[in-house]
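A.B. asks: Pasting data-v1.txt here (compact mmCIF, C-alpha atoms):
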# COMPACT_ATOMS: atom_id res chain seq x y z
CA MET C 1 12.62 8.54 11.30
CA GLY C 2 9.66 7.37 9.26
CA SER C 3 7.22 9.46 7.32
CA LEU C 4 3.93 9.09 5.49
CA ASN C 5 1.99 11.48 3.25
CA VAL C 6 -1.69 10.80 2.63
CA GLN C 7 -4.82 12.66 1.65
CA ALA C 8 -6.96 13.73 4.62
CA THR C 9 -9.79 11.28 3.94
CA GLU C 10 -11.55 8.70 6.08
CA GLU C 11 -10.35 5.99 3.68
CA ASN C 12 -6.78 6.70 4.79
CA ILE C 13 -7.31 5.98 8.49
CA GLY C 14 -6.19 2.38 7.86
CA PRO C 15 -2.91 3.31 6.14
CA VAL C 16 -2.16 5.89 8.85
CA LEU C 17 -2.69 3.36 11.63
CA ASP C 18 -0.65 0.78 9.68
CA PHE C 19 2.21 3.29 9.42
CA VAL C 20 2.08 4.13 13.15
CA THR C 21 1.87 0.44 14.10
CA ALA C 22 4.86 -0.41 11.88
CA GLU C 23 6.94 2.36 13.47
CA LEU C 24 6.02 1.21 16.98
CA LYS C 25 6.71 -2.47 16.28
CA ARG C 26 9.96 -1.71 14.48
CA ASN C 27 11.09 -0.04 17.69
CA ASN C 28 9.82 -2.88 19.91
CA LEU C 29 7.53 -0.72 22.03
CA PRO C 30 5.46 -2.51 24.68
CA ALA C 31 1.82 -3.19 23.84
CA ASN C 32 0.45 -0.69 26.38
CA LEU C 33 2.44 2.16 24.84
CA GLN C 34 1.53 1.07 21.32
CA SER C 35 -2.15 1.18 22.25
CA ASP C 36 -1.95 4.69 23.76
CA ILE C 37 -0.01 6.06 20.78
CA LEU C 38 -2.37 4.44 18.26
CA VAL C 39 -5.40 6.01 19.98
CA ALA C 40 -3.71 9.43 19.95
CA ALA C 41 -2.70 9.14 16.29
CA GLU C 42 -6.19 8.08 15.25
CA GLU C 43 -7.81 10.97 17.14
CA ILE C 44 -5.48 13.54 15.59
CA PHE C 45 -5.87 12.19 12.05
CA VAL C 46 -9.67 11.98 12.33
CA ASN C 47 -9.79 15.58 13.58
CA ILE C 48 -7.75 16.68 10.57
CA VAL C 49 -10.05 14.77 8.21
CA HIS C 50 -13.21 16.26 9.73
CA TYR C 51 -12.15 19.82 10.53
CA ALA C 52 -9.04 20.98 8.64
CA TYR C 53 -10.68 21.41 5.26
CA LYS C 54 -13.97 22.85 4.04
CA PRO C 55 -16.71 20.34 3.18
CA GLY C 56 -15.96 18.63 -0.11
CA GLN C 57 -12.28 19.58 0.05
CA SER C 58 -9.27 17.61 1.15
CA GLY C 59 -5.57 18.16 1.46
CA GLU C 60 -2.46 16.24 2.28
CA VAL C 61 -1.39 15.21 5.77
CA ALA C 62 2.29 14.58 6.44
CA ILE C 63 3.06 12.36 9.41
CA ASN C 64 6.57 12.02 10.78
CA ALA C 65 7.66 9.57 13.46
CA SER C 66 10.83 9.70 15.52
CA ILE C 67 11.38 7.05 18.17
CA THR C 68 14.39 7.07 20.50
CA ASP C 69 13.87 7.45 24.25
CA LYS C 70 10.64 9.21 23.27
CA ALA C 71 8.02 8.50 20.64
CA ILE C 72 7.37 11.72 18.75
CA PHE C 73 4.68 11.93 16.09
CA ARG C 74 4.19 15.11 14.08
CA PHE C 75 1.08 15.77 11.96
CA GLU C 76 1.14 18.57 9.38
CA ASP C 77 -1.74 19.79 7.22
CA THR C 78 -2.44 22.87 5.11
CA GLY C 79 -6.01 23.22 6.32
CA ILE C 80 -7.78 26.07 8.04
CA PRO C 81 -5.66 27.50 10.88
CA PHE C 82 -6.88 25.83 14.04
CA ASN C 83 -5.28 25.06 17.38
CA PRO C 84 -7.14 22.08 18.89
CA LEU C 85 -5.32 22.59 22.18
CA GLU C 86 -7.40 25.74 22.76
CA ILE C 87 -10.61 23.70 22.88
CA GLU C 88 -12.11 23.74 26.34
CA ALA C 89 -11.85 20.39 28.10
CA PRO C 90 -15.22 18.63 28.30
CA ASP C 91 -16.98 18.54 31.66
CA LEU C 92 -16.92 14.83 32.35
CA ASN C 93 -19.23 15.30 35.34
CA VAL C 94 -22.12 16.33 33.09
CA ALA C 95 -24.40 13.56 31.80
CA LEU C 96 -23.38 12.40 28.32
CA GLU C 97 -26.64 13.54 26.70
CA GLU C 98 -26.20 17.03 28.22
CA ARG C 99 -22.51 17.43 27.36
CA LYS C 100 -21.38 19.82 24.62
CA ILE C 101 -20.15 18.11 21.47
CA GLY C 102 -16.42 18.26 20.80
CA GLY C 103 -13.18 18.28 22.69
CA LEU C 104 -13.26 14.74 24.04
CA GLY C 105 -10.73 13.36 21.53
CA VAL C 106 -8.23 16.15 22.16
CA HIS C 107 -8.76 15.74 25.90
CA LEU C 108 -7.99 12.03 25.51
CA VAL C 109 -4.79 12.73 23.54
CA LYS C 110 -3.61 15.24 26.17
CA ASN C 111 -4.14 12.65 28.89
CA LEU C 112 -2.52 9.74 27.04
CA MET C 113 0.57 11.62 25.87
CA ASP C 114 3.24 13.34 27.95
CA LYS C 115 3.40 16.41 25.74
CA VAL C 116 1.14 17.82 23.00
CA GLU C 117 2.12 20.94 21.08
CA TYR C 118 0.58 22.99 18.27
CA GLU C 119 2.05 25.61 16.00
CA ARG C 120 1.06 27.32 12.78
CA ALA C 121 4.09 27.72 10.53
CA GLY C 122 4.59 28.02 6.79
CA GLY C 123 0.83 27.91 6.16
CA LYS C 124 0.56 24.59 8.01
CA ASN C 125 -1.08 23.33 11.17
CA ILE C 126 1.56 21.32 13.00
CA LEU C 127 0.55 19.15 15.92
CA THR C 128 3.20 17.12 17.70
CA PHE C 129 2.68 14.63 20.48
CA THR C 130 5.34 12.98 22.58
CA LYS C 131 5.28 9.89 24.77
CA GLU C 132 8.22 9.34 27.12
CA LEU C 133 9.26 5.73 26.65
CA LEU C 134 11.53 4.99 29.57
CA ALA C 135 8.79 5.75 32.12
CA GLY C 136 6.28 3.76 30.06
CA ILE C 137 8.58 0.78 29.72
CA GLY C 138 9.25 0.77 33.48
CA HIS C 139 5.52 0.96 34.03
CA CYS C 140 4.93 -1.96 31.71
CA PHE C 141 7.57 -4.30 33.11
CA LEU C 142 7.54 -3.30 36.75
CA GLY C 143 3.79 -3.09 37.14
CA ASP C 144 4.06 0.36 38.70
CA ASN C 145 0.63 2.01 38.51
CA SER C 146 1.84 5.39 39.75
CA THR C 147 2.52 6.86 36.28
Translate this file's structure into structure tokens.
C.D. replies:
Amino acid sequence: MGSLNVQATEENIGPVLDFVTAELKRNNLPANLQSDILVAAEEIFVNIVHYAYKPGQSGEVAINASITDKAIFRFEDTGIPFNPLEIEAPDLNVALEERKIGGLGVHLVKNLMDKVEYERAGGKNILTFTKELLAGIGHCFLGDNST
């Protein structure tokens, strides 16, 4: 299990993605799964940077990775209590210029990952996403587009 602690700043997007990439490569995940997980991790971290803390403030983000038959990434911050999973899904049938701002990144994460959970515990926002690997690996090598 790997972990990384960084300040919730835009400058740390690179180190966060480097950490996630290293965990994925160390576990020999196929490129298609790496891509999905990297997109999800970036969306979650960027949301923390932009919304967890008041303007001009920052806090620490702890990221934990556990990869076995599932890739599990857990993001913890001490920011304002906020459950992003309660955001209404964007109406993708509405023209882009008429669509309400917000929710698209979380919607993307929910669709890319097999499970996304939020809890508030110990004064922390904790968001965990899980990607089942066995199904993804079969999809990658067998060319099965049904998943």
A.B. asks: Any idea what's packed within 9 Å of region 18-21 of chain C, counting all atoms listed in the file, ignoring anything in its chain fewer than 6 positions away? Could you give it as a list of chain:residue names?
C.D. replies: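 In the requested format, the answer is C:Gly2, C:Ser3, C:Leu4, C:Gln34, C:Ile37, C:Leu38, C:Ala41, C:Ala65, C:Phe73.
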A.B. asks: For each of C:Met113, C:Ala8, C:Leu133, C:Val16, take the minimum atom-to-atom distance to Asn47 (chain C), counting all atoms listed in the file, then give the residue where this is smallest.
C.D. replies: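 Using all atoms listed in the file, the shortest distance to Asn47 (chain C) belongs to C:Ala8.
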A.B. asks: Just checking: using only C-alpha atoms, which residue out of C:Leu33, C:Leu112, C:Leu17, C:Ala121 ends up closest to Asp77 (chain C)?
C.D. replies: C:Ala121
A.B. asks: Neighbours of region 59-63 of chain C within 12 Å (all atoms listed in the file; same-chain residues fewer than 2 positions away dropped), as a ChimeraX atom specification?
C.D. replies: /C:1-9,12-13,15-17,19-20,23,41-42,44-57,65-66,72-80,124-129
A.B. asks: Just the number, please: distance in Å from CA of His107 (chain C) to CA of Arg120 (chain C), one decimal.
C.D. replies: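 It comes out at 20.1 Å.
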